[in-house]
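Raw contents of input32.pdb, PDB, C-alpha atoms and all ligand atoms:
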MODEL        1
ATOM      1  CA  MET A1213     174.974  90.687  13.742
ATOM      2  CA  TYR A1214     172.470  91.928  16.316
ATOM      3  CA  LYS A1215     172.296  95.610  17.200
ATOM      4  CA  ILE A1216     172.074  96.841  20.802
ATOM      5  CA  LEU A1217     169.176  99.329  20.848
ATOM      6  CA  THR A1218     169.240 100.240  24.534
ATOM      7  CA  LYS A1219     171.671  99.693  27.399
ATOM      8  CA  LYS A1220     170.836 100.583  31.011
ATOM      9  CA  GLN A1221     172.840  99.938  34.145
ATOM     10  CA  LEU A1222     170.415  98.668  36.815
ATOM     11  CA  ASN A1223     172.898  98.340  39.674
ATOM     12  CA  PRO A1224     176.723  98.310  39.975
ATOM     13  CA  ASP A1225     176.967  94.861  38.298
ATOM     14  CA  VAL A1226     173.752  94.386  36.327
ATOM     15  CA  TYR A1227     172.948  95.680  32.847
ATOM     16  CA  LEU A1228     169.786  95.626  30.753
ATOM     17  CA  TYR A1229     170.169  95.263  26.994
ATOM     18  CA  GLU A1230     167.392  95.631  24.448
ATOM     19  CA  ILE A1231     168.631  93.958  21.263
ATOM     20  CA  GLU A1232     167.205  93.984  17.760
ATOM     21  CA  ALA A1233     166.201  90.368  17.021
ATOM     22  CA  LYS A1234     163.049  90.389  14.882
ATOM     23  CA  ALA A1235     162.521  86.649  14.322
ATOM     24  CA  ILE A1236     163.111  85.741  17.979
ATOM     25  CA  SER A1237     160.813  88.504  19.262
ATOM     26  CA  LYS A1238     157.894  87.070  17.280
ATOM     27  CA  LYS A1239     158.191  83.543  18.695
ATOM     28  CA  VAL A1240     159.449  83.856  22.260
ATOM     29  CA  GLN A1241     157.350  82.924  25.303
ATOM     30  CA  PRO A1242     158.020  83.477  29.055
ATOM     31  CA  GLY A1243     160.742  81.193  30.430
ATOM     32  CA  GLN A1244     162.567  80.676  27.131
ATOM     33  CA  PHE A1245     166.187  81.676  26.604
ATOM     34  CA  ILE A1246     168.723  82.621  23.950
ATOM     35  CA  ILE A1247     172.377  81.700  23.491
ATOM     36  CA  LEU A1248     174.590  84.520  22.335
ATOM     37  CA  ARG A1249     178.241  84.999  21.450
ATOM     38  CA  VAL A1250     179.602  88.466  22.105
ATOM     39  CA  ASP A1251     182.213  88.097  19.346
ATOM     40  CA  GLU A1252     183.487  85.381  17.034
ATOM     41  CA  PHE A1253     185.824  84.009  19.727
ATOM     42  CA  GLY A1254     183.249  84.233  22.514
ATOM     43  CA  GLU A1255     181.805  81.358  24.496
ATOM     44  CA  ARG A1256     178.141  80.532  24.036
ATOM     45  CA  LEU A1257     176.283  82.379  26.772
ATOM     46  CA  PRO A1258     172.753  81.196  27.713
ATOM     47  CA  LEU A1259     170.508  84.029  28.928
ATOM     48  CA  THR A1260     166.817  83.933  29.755
ATOM     49  CA  ILE A1261     164.777  86.527  27.892
ATOM     50  CA  ALA A1262     163.510  89.142  30.352
ATOM     51  CA  ASP A1263     161.119  90.867  27.950
ATOM     52  CA  TYR A1264     160.293  91.154  24.262
ATOM     53  CA  ASN A1265     158.492  93.469  21.875
ATOM     54  CA  ALA A1266     157.286  91.829  18.671
ATOM     55  CA  ASP A1267     156.187  95.179  17.156
ATOM     56  CA  LYS A1268     159.615  96.682  17.664
ATOM     57  CA  GLY A1269     161.375  93.402  16.832
ATOM     58  CA  SER A1270     163.431  93.412  20.018
ATOM     59  CA  VAL A1271     164.271  91.177  22.965
ATOM     60  CA  THR A1272     165.536  92.310  26.352
ATOM     61  CA  ILE A1273     168.107  90.532  28.475
ATOM     62  CA  ILE A1274     169.358  91.444  31.937
ATOM     63  CA  VAL A1275     172.913  90.358  32.654
ATOM     64  CA  GLN A1276     175.150  90.342  35.700
ATOM     65  CA  ALA A1277     178.757  91.089  34.707
ATOM     66  CA  ILE A1278     180.243  88.274  36.729
ATOM     67  CA  GLY A1279     182.062  85.908  34.321
ATOM     68  CA  ALA A1280     184.453  86.385  31.414
ATOM     69  CA  SER A1281     181.758  86.648  28.711
ATOM     70  CA  THR A1282     179.307  88.747  30.716
ATOM     71  CA  ILE A1283     182.117  91.191  31.574
ATOM     72  CA  LYS A1284     182.961  91.372  27.858
ATOM     73  CA  LEU A1285     179.281  91.986  27.090
ATOM     74  CA  SER A1286     179.145  94.759  29.704
ATOM     75  CA  HIS A1287     181.760  96.669  27.673
ATOM     76  CA  LEU A1288     179.382  96.933  24.683
ATOM     77  CA  ASN A1289     177.153  99.987  24.313
ATOM     78  CA  GLU A1290     174.101 101.214  22.385
ATOM     79  CA  GLY A1291     174.730 100.952  18.653
ATOM     80  CA  ASP A1292     177.292  98.147  19.052
ATOM     81  CA  PHE A1293     176.616  94.684  17.634
ATOM     82  CA  ILE A1294     176.530  91.203  19.173
ATOM     83  CA  GLN A1295     178.082  88.534  16.975
ATOM     84  CA  ASP A1296     175.222  85.994  16.991
ATOM     85  CA  ILE A1297     172.106  84.947  18.853
ATOM     86  CA  VAL A1298     170.208  81.634  18.685
ATOM     87  CA  GLY A1299     166.695  81.266  20.014
ATOM     88  CA  PRO A1300     164.173  81.127  21.380
ATOM     89  CA  LEU A1301     165.356  77.938  23.092
ATOM     90  CA  GLY A1302     163.877  75.730  25.795
ATOM     91  CA  LYS A1303     160.293  75.214  26.849
ATOM     92  CA  ALA A1304     158.014  78.030  27.906
ATOM     93  CA  THR A1305     157.030  78.092  31.587
ATOM     94  CA  GLU A1306     153.877  76.045  32.274
ATOM     95  CA  PHE A1307     151.696  77.896  34.746
ATOM     96  CA  GLU A1308     149.203  75.038  35.194
ATOM     97  CA  ASP A1309     145.986  77.061  35.619
ATOM     98  CA  ALA A1310     147.237  78.451  38.925
ATOM     99  CA  LYS A1311     144.949  80.952  40.666
ATOM    100  CA  HIS A1312     147.314  82.413  43.275
ATOM    101  CA  VAL A1313     151.044  82.327  42.641
ATOM    102  CA  CYS A1314     154.030  83.517  44.630
ATOM    103  CA  VAL A1315     157.014  84.406  42.435
ATOM    104  CA  VAL A1316     160.378  84.555  44.205
ATOM    105  CA  GLY A1317     163.510  86.098  42.706
ATOM    106  CA  GLY A1318     167.015  86.106  44.127
ATOM    107  CA  GLY A1319     169.529  88.729  42.958
ATOM    108  CA  VAL A1320     169.728  88.944  39.189
ATOM    109  CA  GLY A1321     167.348  85.941  39.053
ATOM    110  CA  THR A1322     164.668  88.539  39.768
ATOM    111  CA  ALA A1323     165.102  89.672  36.161
ATOM    112  CA  ILE A1324     163.919  86.231  35.022
ATOM    113  CA  ALA A1325     161.248  85.863  37.700
ATOM    114  CA  TYR A1326     159.677  89.236  36.956
ATOM    115  CA  PRO A1327     158.499  88.464  33.365
ATOM    116  CA  SER A1328     156.694  85.334  34.608
ATOM    117  CA  ALA A1329     154.972  87.402  37.298
ATOM    118  CA  LYS A1330     154.070  90.047  34.727
ATOM    119  CA  PHE A1331     152.661  87.453  32.319
ATOM    120  CA  LEU A1332     150.524  85.887  35.072
ATOM    121  CA  SER A1333     149.281  89.270  36.257
ATOM    122  CA  GLN A1334     148.340  90.254  32.682
ATOM    123  CA  ASN A1335     146.382  86.996  32.470
ATOM    124  CA  HIS A1336     144.342  87.808  35.606
ATOM    125  CA  VAL A1337     146.205  85.489  37.979
ATOM    126  CA  LYS A1338     146.717  86.815  41.524
ATOM    127  CA  VAL A1339     150.485  87.210  41.937
ATOM    128  CA  ASP A1340     152.610  88.026  44.974
ATOM    129  CA  MET A1341     156.314  88.729  44.585
ATOM    130  CA  ILE A1342     159.283  88.300  46.885
ATOM    131  CA  ALA A1343     162.759  89.403  45.847
ATOM    132  CA  GLY A1344     166.007  89.213  47.771
ATOM    133  CA  PHE A1345     169.238  91.204  47.340
ATOM    134  CA  ARG A1346     172.507  91.692  49.243
ATOM    135  CA  ASN A1347     171.744  95.359  49.985
ATOM    136  CA  THR A1348     169.727  98.366  48.751
ATOM    137  CA  ASP A1349     172.258  99.231  46.025
ATOM    138  CA  MET A1350     171.720  95.822  44.388
ATOM    139  CA  ILE A1351     167.901  96.073  44.136
ATOM    140  CA  ILE A1352     166.582  95.935  40.566
ATOM    141  CA  LEU A1353     163.074  96.265  39.071
ATOM    142  CA  GLU A1354     161.524  97.442  42.354
ATOM    143  CA  ASN A1355     158.933  99.753  40.778
ATOM    144  CA  GLU A1356     158.089  97.238  38.039
ATOM    145  CA  MET A1357     157.433  94.486  40.607
ATOM    146  CA  LYS A1358     155.272  96.751  42.774
ATOM    147  CA  VAL A1359     153.093  97.651  39.776
ATOM    148  CA  ILE A1360     152.192  94.075  38.821
ATOM    149  CA  ALA A1361     152.195  92.279  42.190
ATOM    150  CA  ASN A1362     149.250  92.067  44.532
ATOM    151  CA  HIS A1363     151.749  92.100  47.394
ATOM    152  CA  CYS A1364     155.516  92.623  47.008
ATOM    153  CA  MET A1365     158.198  92.041  49.632
ATOM    154  CA  ILE A1366     161.789  93.075  48.964
ATOM    155  CA  MET A1367     164.328  91.643  51.395
ATOM    156  CA  THR A1368     167.984  92.557  51.882
ATOM    157  CA  ASP A1369     170.656  90.474  53.606
ATOM    158  CA  ASP A1370     171.938  93.505  55.541
ATOM    159  CA  GLY A1371     168.557  95.150  56.156
ATOM    160  CA  SER A1372     169.646  98.368  54.398
ATOM    161  CA  ASN A1373     166.183  98.775  52.843
ATOM    162  CA  GLY A1374     164.507  98.292  56.230
ATOM    163  CA  ASN A1375     163.541  94.669  55.497
ATOM    164  CA  LYS A1376     166.315  92.416  56.800
ATOM    165  CA  GLY A1377     166.090  88.732  56.073
ATOM    166  CA  PHE A1378     166.077  86.051  53.404
ATOM    167  CA  VAL A1379     163.423  85.335  50.807
ATOM    168  CA  THR A1380     162.621  82.138  52.723
ATOM    169  CA  ASP A1381     161.667  84.224  55.795
ATOM    170  CA  ALA A1382     159.309  86.260  53.630
ATOM    171  CA  LEU A1383     157.851  83.189  51.936
ATOM    172  CA  ASN A1384     157.181  81.406  55.245
ATOM    173  CA  LYS A1385     155.343  84.508  56.471
ATOM    174  CA  MET A1386     153.350  84.901  53.258
ATOM    175  CA  MET A1387     152.426  81.209  53.191
ATOM    176  CA  GLU A1388     150.851  81.665  56.655
ATOM    177  CA  GLU A1389     148.615  84.394  55.251
ATOM    178  CA  ASN A1390     147.915  83.043  51.761
ATOM    179  CA  LYS A1391     147.043  79.764  50.110
ATOM    180  CA  TYR A1392     149.287  79.475  47.052
ATOM    181  CA  ASP A1393     148.781  76.794  44.435
ATOM    182  CA  LEU A1394     152.113  77.511  42.732
ATOM    183  CA  VAL A1395     155.483  78.993  43.705
ATOM    184  CA  ILE A1396     158.070  79.991  41.092
ATOM    185  CA  ALA A1397     161.628  80.424  42.394
ATOM    186  CA  ILE A1398     164.489  81.777  40.271
ATOM    187  CA  GLY A1399     167.889  82.717  41.574
ATOM    188  CA  PRO A1400     171.070  81.190  42.975
ATOM    189  CA  ILE A1401     170.965  77.416  43.503
ATOM    190  CA  PRO A1402     171.052  77.585  47.342
ATOM    191  CA  MET A1403     168.103  79.957  47.276
ATOM    192  CA  MET A1404     166.020  77.770  44.946
ATOM    193  CA  ARG A1405     166.845  74.720  47.032
ATOM    194  CA  ALA A1406     165.842  76.517  50.259
ATOM    195  CA  ILE A1407     162.560  77.703  48.753
ATOM    196  CA  CYS A1408     161.764  74.113  47.722
ATOM    197  CA  GLU A1409     162.329  72.965  51.310
ATOM    198  CA  CYS A1410     159.840  75.624  52.507
ATOM    199  CA  THR A1411     157.132  74.539  50.097
ATOM    200  CA  ARG A1412     157.711  70.767  50.242
ATOM    201  CA  PRO A1413     155.948  70.158  53.606
ATOM    202  CA  LYS A1414     152.955  72.139  52.356
ATOM    203  CA  GLN A1415     152.988  70.268  49.035
ATOM    204  CA  ILE A1416     152.876  73.472  47.007
ATOM    205  CA  LYS A1417     154.096  72.841  43.481
ATOM    206  CA  THR A1418     157.363  74.764  42.998
ATOM    207  CA  ILE A1419     158.943  75.552  39.636
ATOM    208  CA  VAL A1420     162.644  76.390  39.503
ATOM    209  CA  SER A1421     164.651  77.598  36.499
ATOM    210  CA  LEU A1422     167.975  75.746  36.246
ATOM    211  CA  ASN A1423     171.217  77.251  35.003
ATOM    212  CA  PRO A1424     173.673  74.434  34.241
ATOM    213  CA  ILE A1425     176.590  74.796  31.827
ATOM    214  CA  MET A1426     175.224  74.954  28.273
ATOM    215  CA  ILE A1427     177.001  74.661  24.942
ATOM    216  CA  ASP A1428     174.795  73.923  21.928
ATOM    217  CA  GLY A1429     171.386  74.524  23.537
ATOM    218  CA  THR A1430     169.761  71.892  21.323
ATOM    219  CA  GLY A1431     170.045  68.675  23.348
ATOM    220  CA  MET A1432     173.079  67.348  21.430
ATOM    221  CA  CYS A1433     176.170  67.986  23.589
ATOM    222  CA  GLY A1434     174.933  66.760  26.979
ATOM    223  CA  GLY A1435     176.621  69.673  28.764
ATOM    224  CA  CYS A1436     173.438  70.800  30.513
ATOM    225  CA  ARG A1437     172.341  67.450  31.884
ATOM    226  CA  VAL A1438     170.593  67.534  35.236
ATOM    227  CA  THR A1439     168.977  64.847  37.346
ATOM    228  CA  VAL A1440     165.257  65.242  37.947
ATOM    229  CA  ASP A1441     163.183  62.570  39.669
ATOM    230  CA  GLY A1442     166.166  60.209  39.278
ATOM    231  CA  LYS A1443     166.227  60.640  35.500
ATOM    232  CA  THR A1444     168.691  62.484  33.282
ATOM    233  CA  LYS A1445     167.194  65.563  31.638
ATOM    234  CA  PHE A1446     168.695  68.228  29.409
ATOM    235  CA  ALA A1447     167.919  71.693  30.727
ATOM    236  CA  CYS A1448     168.116  73.238  27.258
ATOM    237  CA  VAL A1449     165.350  71.149  25.714
ATOM    238  CA  ASP A1450     163.472  69.600  28.675
ATOM    239  CA  GLY A1451     163.706  72.825  30.751
ATOM    240  CA  PRO A1452     165.042  75.204  31.892
ATOM    241  CA  ASP A1453     162.006  74.975  34.237
ATOM    242  CA  PHE A1454     161.591  71.877  36.388
ATOM    243  CA  ASP A1455     159.603  70.738  39.413
ATOM    244  CA  GLY A1456     161.959  71.867  42.189
ATOM    245  CA  HIS A1457     160.870  69.085  44.552
ATOM    246  CA  LEU A1458     162.287  66.542  42.095
ATOM    247  CA  VAL A1459     165.605  68.244  41.226
ATOM    248  CA  ASP A1460     168.907  66.764  42.452
ATOM    249  CA  PHE A1461     170.521  70.052  43.528
ATOM    250  CA  ASN A1462     173.755  68.389  44.747
ATOM    251  CA  ASN A1463     174.374  67.063  41.256
ATOM    252  CA  LEU A1464     173.693  70.515  39.760
ATOM    253  CA  VAL A1465     176.162  72.208  42.154
ATOM    254  CA  GLU A1466     178.880  69.656  41.373
ATOM    255  CA  ARG A1467     178.499  70.013  37.611
ATOM    256  CA  ASN A1468     178.500  73.821  37.771
ATOM    257  CA  ARG A1469     181.793  73.708  39.724
ATOM    258  CA  MET A1470     183.580  71.738  36.998
ATOM    259  CA  TYR A1471     184.952  74.734  35.075
ATOM    260  CA  LYS A1472     185.397  77.214  37.938
ATOM    261  CA  GLU A1473     189.185  77.346  37.515
ATOM    262  CA  GLU A1474     189.035  78.033  33.763
ATOM    263  CA  GLU A1475     186.274  80.602  34.303
ATOM    264  CA  GLY A1476     188.380  82.407  36.928
ATOM    265  CA  HIS A1477     191.326  82.530  34.519
ATOM    266  CA  GLN A1478     189.173  83.955  31.692
ATOM    267  CA  CYS A1479     187.635  86.476  34.100
ATOM    268  CA  ARG A1480     191.028  87.806  35.036
ATOM    269  CA  LEU A1481     191.919  88.170  31.325
ATOM    270  CA  SER A1482     188.644  90.024  30.603
ATOM    271  CA  LYS A1483     189.320  92.529  33.360
ATOM    272  CA  GLU A1484     192.887  93.248  32.167
TER     273      GLU A1484
HETATM  274 FE1  LIG A1501     173.983  70.779  24.994
HETATM  275 FE2  LIG A1501     171.844  71.128  26.476
HETATM  276  S1  LIG A1501     173.381  72.564  26.051
HETATM  277  S2  LIG A1501     172.524  69.301  25.520
ENDMDL
END

Is it possible to express this structure as structure tokens?
Amino acid sequence: MYKILTKKQLNPDVYLYEIEAKAISKKVQPGQFIILRVDEFGERLPLTIADYNADKGSVTIIVQAIGASTIKLSHLNEGDFIQDIVGPLGKATEFEDAKHVCVVGGGVGTAIAYPSAKFLSQNHVKVDMIAGFRNTDMIILENEMKVIANHCMIMTDDGSNGNKGFVTDALNKMMEENKYDLVIAIGPIPMMRAICECTRPKQIKTIVSLNPIMIDGTGMCGGCRVTVDGKTKFACVDGPDFDGHLVDFNNLVERNRMYKEEEGHQCRLSKE
């Protein structure tokens, strides 16, 4: 059992949990993830690690309460226990000796993008950040991003923070003013796909973090298979990061839709 040390609500739907997980905290690297089960009947929930503290023996996850299991998780509080956690899983992000990187986060994906930006900044890489949210109330990690980024642009769909537009608008503008050798994009699939189409003509390498359905997280079940450069890959062991210009996003969307009906049913039960 894994104890919840800290719980914070970052916006109406998003929660930060710091969880005691000594062994994982000593091994984890940016980009890796865990799979947890909230209780013994819970589904296996893959979540990218947002932060870790090896001295304290803790890992931090940031979760949007949007599906059956994440809603169940959102009902747990400090001092409660999570049934089990496996990890760290997946490959660490490869930053490829980049000198100037633009990190783009969409919605709760910002929670996964931010640790990569922080890691790069701590390793003396020039980092700009762009993050996009529906409105001001949904913005997370604003102060944290501003501290580590050379330049930070926060966009909202409705303009309620004074910066109306999509992350692609911001990226196109920032690419006119800067010469990036790497872009990292993490967020909803349409956003990652759109970012890749912005960077493709300029041939800027673009890493995306994929979120297919996962079950075992060890490359055995095939649930997380994605098509990259025409080849089948398993996001849990070959990723979750991939070269976005080579990802078959249509295939990813189709596979993620497969269990929508069951998920909706479970969601309704969790809310009752
Ligand atoms: Fe089973 Fe990746 S989750 S192969």

Which residues match the PyMOL selection byres (((chain A and resi 1291) around 6) and not hetatm) in the file above, as a PDB file with C-alpha atoms, keeping the file's coordinate frame?
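Written output follows (expr31.pdb):
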ATOM      1  CA  ILE A1216     172.074  96.841  20.802  1.00  0.00           C
ATOM      2  CA  GLU A1290     174.101 101.214  22.385  1.00  0.00           C
ATOM      3  CA  ASP A1292     177.292  98.147  19.052  1.00  0.00           C
TER       4      ASP A1292
END

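With all atoms listed in the file as the basis for measurement, A:Phe1461 is the residue among A:Tyr1392, A:Tyr1264, A:Phe1293, A:Phe1461 that approaches Thr1439 (chain A) most closely.
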
**Request:** Could you tell me which of A:Ser1328, A:Ile1231, A:Val1240, A:Thr1322 comes closest to Leu1288 (chain A) if we count all atoms listed in the file?
**Result:**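 For Leu1288 (chain A), the nearest of the candidates is A:Ile1231.
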
All residues 12 Å or closer to Gly1317 (chain A), only C-alpha atoms, same chain fewer than 2 positions away omitted, as an mmCIF file with C-alpha atoms, keeping the file's coordinate frame:
data_model
loop_
_atom_site.group_PDB
_atom_site.id
_atom_site.type_symbol
_atom_site.label_atom_id
_atom_site.label_comp_id
_atom_site.auth_asym_id
_atom_site.auth_seq_id
_atom_site.Cartn_x
_atom_site.Cartn_y
_atom_site.Cartn_z
ATOM 1 C CA CYS A 1314 154.030 83.517 44.630
ATOM 2 C CA VAL A 1315 157.014 84.406 42.435
ATOM 3 C CA GLY A 1319 169.529 88.729 42.958
ATOM 4 C CA VAL A 1320 169.728 88.944 39.189
ATOM 5 C CA GLY A 1321 167.348 85.941 39.053
ATOM 6 C CA THR A 1322 164.668 88.539 39.768
ATOM 7 C CA ALA A 1323 165.102 89.672 36.161
ATOM 8 C CA ILE A 1324 163.919 86.231 35.022
ATOM 9 C CA ALA A 1325 161.248 85.863 37.700
ATOM 10 C CA TYR A 1326 159.677 89.236 36.956
ATOM 11 C CA PRO A 1327 158.499 88.464 33.365
ATOM 12 C CA SER A 1328 156.694 85.334 34.608
ATOM 13 C CA ALA A 1329 154.972 87.402 37.298
ATOM 14 C CA ASP A 1340 152.610 88.026 44.974
ATOM 15 C CA MET A 1341 156.314 88.729 44.585
ATOM 16 C CA ILE A 1342 159.283 88.300 46.885
ATOM 17 C CA ALA A 1343 162.759 89.403 45.847
ATOM 18 C CA GLY A 1344 166.007 89.213 47.771
ATOM 19 C CA PHE A 1345 169.238 91.204 47.340
ATOM 20 C CA ILE A 1351 167.901 96.073 44.136
ATOM 21 C CA ILE A 1352 166.582 95.935 40.566
ATOM 22 C CA LEU A 1353 163.074 96.265 39.071
ATOM 23 C CA GLU A 1354 161.524 97.442 42.354
ATOM 24 C CA MET A 1357 157.433 94.486 40.607
ATOM 25 C CA CYS A 1364 155.516 92.623 47.008
ATOM 26 C CA MET A 1365 158.198 92.041 49.632
ATOM 27 C CA ILE A 1366 161.789 93.075 48.964
ATOM 28 C CA MET A 1367 164.328 91.643 51.395
ATOM 29 C CA PHE A 1378 166.077 86.051 53.404
ATOM 30 C CA VAL A 1379 163.423 85.335 50.807
ATOM 31 C CA THR A 1380 162.621 82.138 52.723
ATOM 32 C CA ALA A 1382 159.309 86.260 53.630
ATOM 33 C CA LEU A 1383 157.851 83.189 51.936
ATOM 34 C CA VAL A 1395 155.483 78.993 43.705
ATOM 35 C CA ILE A 1396 158.070 79.991 41.092
ATOM 36 C CA ALA A 1397 161.628 80.424 42.394
ATOM 37 C CA ILE A 1398 164.489 81.777 40.271
ATOM 38 C CA GLY A 1399 167.889 82.717 41.574
ATOM 39 C CA PRO A 1400 171.070 81.190 42.975
ATOM 40 C CA ILE A 1401 170.965 77.416 43.503
ATOM 41 C CA MET A 1403 168.103 79.957 47.276
ATOM 42 C CA MET A 1404 166.020 77.770 44.946
ATOM 43 C CA ILE A 1407 162.560 77.703 48.753
ATOM 44 C CA ILE A 1419 158.943 75.552 39.636
ATOM 45 C CA VAL A 1420 162.644 76.390 39.503
ATOM 46 C CA SER A 1421 164.651 77.598 36.499
#

**Request:** Tell me which protein, DNA and RNA residues are within 10 Å of Lys1443 (chain A), counting all atoms listed in the file, leaving out same-chain ones fewer than 4 positions away, and put them as a list of chain:residue names.
**Result:**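 Once the nearby chain positions are removed, what remains is A:Arg1437, A:Val1438, A:Thr1439, A:Leu1458, A:Val1459, A:Asp1460.
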
Distance table requested - chain A against ligand LIG 1501 (chain A), cut-off 6 Å, only C-alpha atoms and all ligand atoms: one row per qualifying residue with the closest atom pair and its distance in Å to one decimal, ordered by chain and rising residue number, as a Markdown table.
| residue | atom | partner | partner_atom | distance |
| --- | --- | --- | --- | --- |
| A:Met1426 | CA | A:LIG1501 | S1 | 3.7 |
| A:Ile1427 | CA | A:LIG1501 | S1 | 4.3 |
| A:Asp1428 | CA | A:LIG1501 | FE1 | 4.5 |
| A:Gly1429 | CA | A:LIG1501 | S1 | 3.8 |
| A:Thr1430 | CA | A:LIG1501 | FE2 | 5.6 |
| A:Gly1431 | CA | A:LIG1501 | S2 | 3.4 |
| A:Met1432 | CA | A:LIG1501 | S2 | 4.6 |
| A:Cys1433 | CA | A:LIG1501 | FE1 | 3.8 |
| A:Gly1434 | CA | A:LIG1501 | S2 | 3.8 |
| A:Gly1435 | CA | A:LIG1501 | FE1 | 4.7 |
| A:Cys1436 | CA | A:LIG1501 | FE2 | 4.4 |
| A:Phe1446 | CA | A:LIG1501 | FE2 | 5.2 |
| A:Ala1447 | CA | A:LIG1501 | FE2 | 5.8 |
| A:Cys1448 | CA | A:LIG1501 | FE2 | 4.4 |

**Asked** How far is it from CA of Asp1381 (chain A) to CA of Asp1455 (chain A), in Å with one decimal?
**Response**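 Atom-to-atom, CA of Asp1381 (chain A) to CA of Asp1455 (chain A), that is 21.3 Å.
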
**Item:** Answer key for the PyMOL selection byres (((chain A and resi 1300) around 8) and not hetatm), residues as a list in words
**Value:** Ile1236, Lys1239, Val1240, Gln1244, Phe1245, Ile1246, Val1298, Gly1299, Leu1301 and Gly1302 of chain A

**Asked** How many Å lie between CA of Thr1368 (chain A) and CA of Gln1276 (chain A), rounded to one decimal?
**Response**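 Separation between CA of Thr1368 (chain A) and CA of Gln1276 (chain A): 17.8 Å.
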
**Request:** Quick one: apply the PyMOL selection byres (((chain A and resi 1256) around 10) and not hetatm) to the file and drop the selected residues here as a ChimeraX atom specification.
**Result:** /A:1246-1251,1253-1255,1257-1259,1281,1296-1298,1425-1429

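The space separating CA of Asp1453 (chain A) from CA of Ile1416 (chain A) comes to 15.8 Å.
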
**Request:** Pick out the closest residue to Asn1289 (chain A) from this set: A:His1336, A:Lys1303, A:Lys1219, A:Lys1234. Count all atoms listed in the file.
**Result:** A:Lys1219

**Message:** I'd like the neighbourhood of Val1226 (chain A) as a list in words, where a residue qualifies if any of its atoms comes within 7 Å (using all atoms listed in the file), though same-chain residues fewer than 4 positions away should be ignored.
**Reply:**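 After dropping sequence-adjacent residues, the list is Gln1221, Leu1222, Ile1274, Val1275, Gln1276 and Ala1277 of chain A.
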
Residues as selected, C-alpha atoms, written as a PDB file, in the frame of the given file, can you do that?
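Now in selection_14.pdb:
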ATOM      1  CA  GLN A1221     172.840  99.938  34.145  1.00  0.00           C
ATOM      2  CA  LEU A1222     170.415  98.668  36.815  1.00  0.00           C
ATOM      3  CA  ILE A1274     169.358  91.444  31.937  1.00  0.00           C
ATOM      4  CA  VAL A1275     172.913  90.358  32.654  1.00  0.00           C
ATOM      5  CA  GLN A1276     175.150  90.342  35.700  1.00  0.00           C
ATOM      6  CA  ALA A1277     178.757  91.089  34.707  1.00  0.00           C
TER       7      ALA A1277
END

**Item:** Of the listed residues A:Pro1424, A:Ile1360, A:Gly1243, A:Ala1233, that which approaches Met1470 (chain A) most closely, counting only C-alpha atoms
**Value:**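 Closest to Met1470 (chain A), using only C-alpha atoms: A:Pro1424.
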
**Distance criterion (all atoms listed in the file): nearest to Met1386 (chain A) out of A:His1312, A:His1457, A:Asn1423, A:Asp1369** =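 Of A:His1312, A:His1457, A:Asn1423, A:Asp1369, the one nearest Met1386 (chain A) is A:His1312, counting all atoms listed in the file.
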
Would you mind listing what lies within 6 Å of Asn1347 (chain A) as an mmCIF file with C-alpha atoms, in the frame of the given file, with only C-alpha atoms counted and same-chain residues fewer than 3 positions away left out?
data_model
loop_
_atom_site.group_PDB
_atom_site.id
_atom_site.type_symbol
_atom_site.label_atom_id
_atom_site.label_comp_id
_atom_site.auth_asym_id
_atom_site.auth_seq_id
_atom_site.Cartn_x
_atom_site.Cartn_y
_atom_site.Cartn_z
ATOM 1 C CA MET A 1350 171.720 95.822 44.388
ATOM 2 C CA THR A 1368 167.984 92.557 51.882
ATOM 3 C CA ASP A 1370 171.938 93.505 55.541
ATOM 4 C CA SER A 1372 169.646 98.368 54.398
#

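The residue that comes closest to Gly1451 (chain A), out of A:Asn1355, A:Thr1305, A:Asn1390, A:Asn1373 and on the basis of all atoms listed in the file, is A:Thr1305.
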
Please write a file for region 1447-1455 of chain A, taken from the block I just shared, that holds N, CA and C atoms and is laid out as an mmCIF file, in the first residue's frame.
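File out10.cif, as written:
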data_model
loop_
_atom_site.group_PDB
_atom_site.id
_atom_site.type_symbol
_atom_site.label_atom_id
_atom_site.label_comp_id
_atom_site.auth_asym_id
_atom_site.auth_seq_id
_atom_site.Cartn_x
_atom_site.Cartn_y
_atom_site.Cartn_z
ATOM 1 N N ALA A 1447 3.808 1.559 -26.657
ATOM 2 C CA ALA A 1447 4.101 2.826 -25.965
ATOM 3 C C ALA A 1447 4.709 2.593 -24.589
ATOM 4 N N CYS A 1448 4.352 1.484 -23.949
ATOM 5 C CA CYS A 1448 4.819 1.276 -22.569
ATOM 6 C C CYS A 1448 6.298 0.925 -22.480
ATOM 7 N N VAL A 1449 6.843 0.300 -23.504
ATOM 8 C CA VAL A 1449 8.259 -0.064 -23.441
ATOM 9 C C VAL A 1449 9.109 0.677 -24.473
ATOM 10 N N ASP A 1450 8.527 1.002 -25.639
ATOM 11 C CA ASP A 1450 9.270 1.748 -26.664
ATOM 12 C C ASP A 1450 9.096 3.256 -26.459
ATOM 13 N N GLY A 1451 8.117 3.679 -25.700
ATOM 14 C CA GLY A 1451 7.797 5.089 -25.467
ATOM 15 C C GLY A 1451 7.760 5.346 -23.975
ATOM 16 N N PRO A 1452 6.892 6.264 -23.508
ATOM 17 C CA PRO A 1452 5.765 6.853 -24.240
ATOM 18 C C PRO A 1452 6.148 7.976 -25.212
ATOM 19 N N ASP A 1453 7.434 8.392 -25.245
ATOM 20 C CA ASP A 1453 7.825 9.470 -26.156
ATOM 21 C C ASP A 1453 8.154 8.913 -27.530
ATOM 22 N N PHE A 1454 7.688 9.617 -28.566
ATOM 23 C CA PHE A 1454 8.022 9.227 -29.937
ATOM 24 C C PHE A 1454 8.237 10.486 -30.772
ATOM 25 N N ASP A 1455 8.885 10.296 -31.923
ATOM 26 C CA ASP A 1455 9.042 11.376 -32.894
ATOM 27 C C ASP A 1455 7.653 11.661 -33.495
#
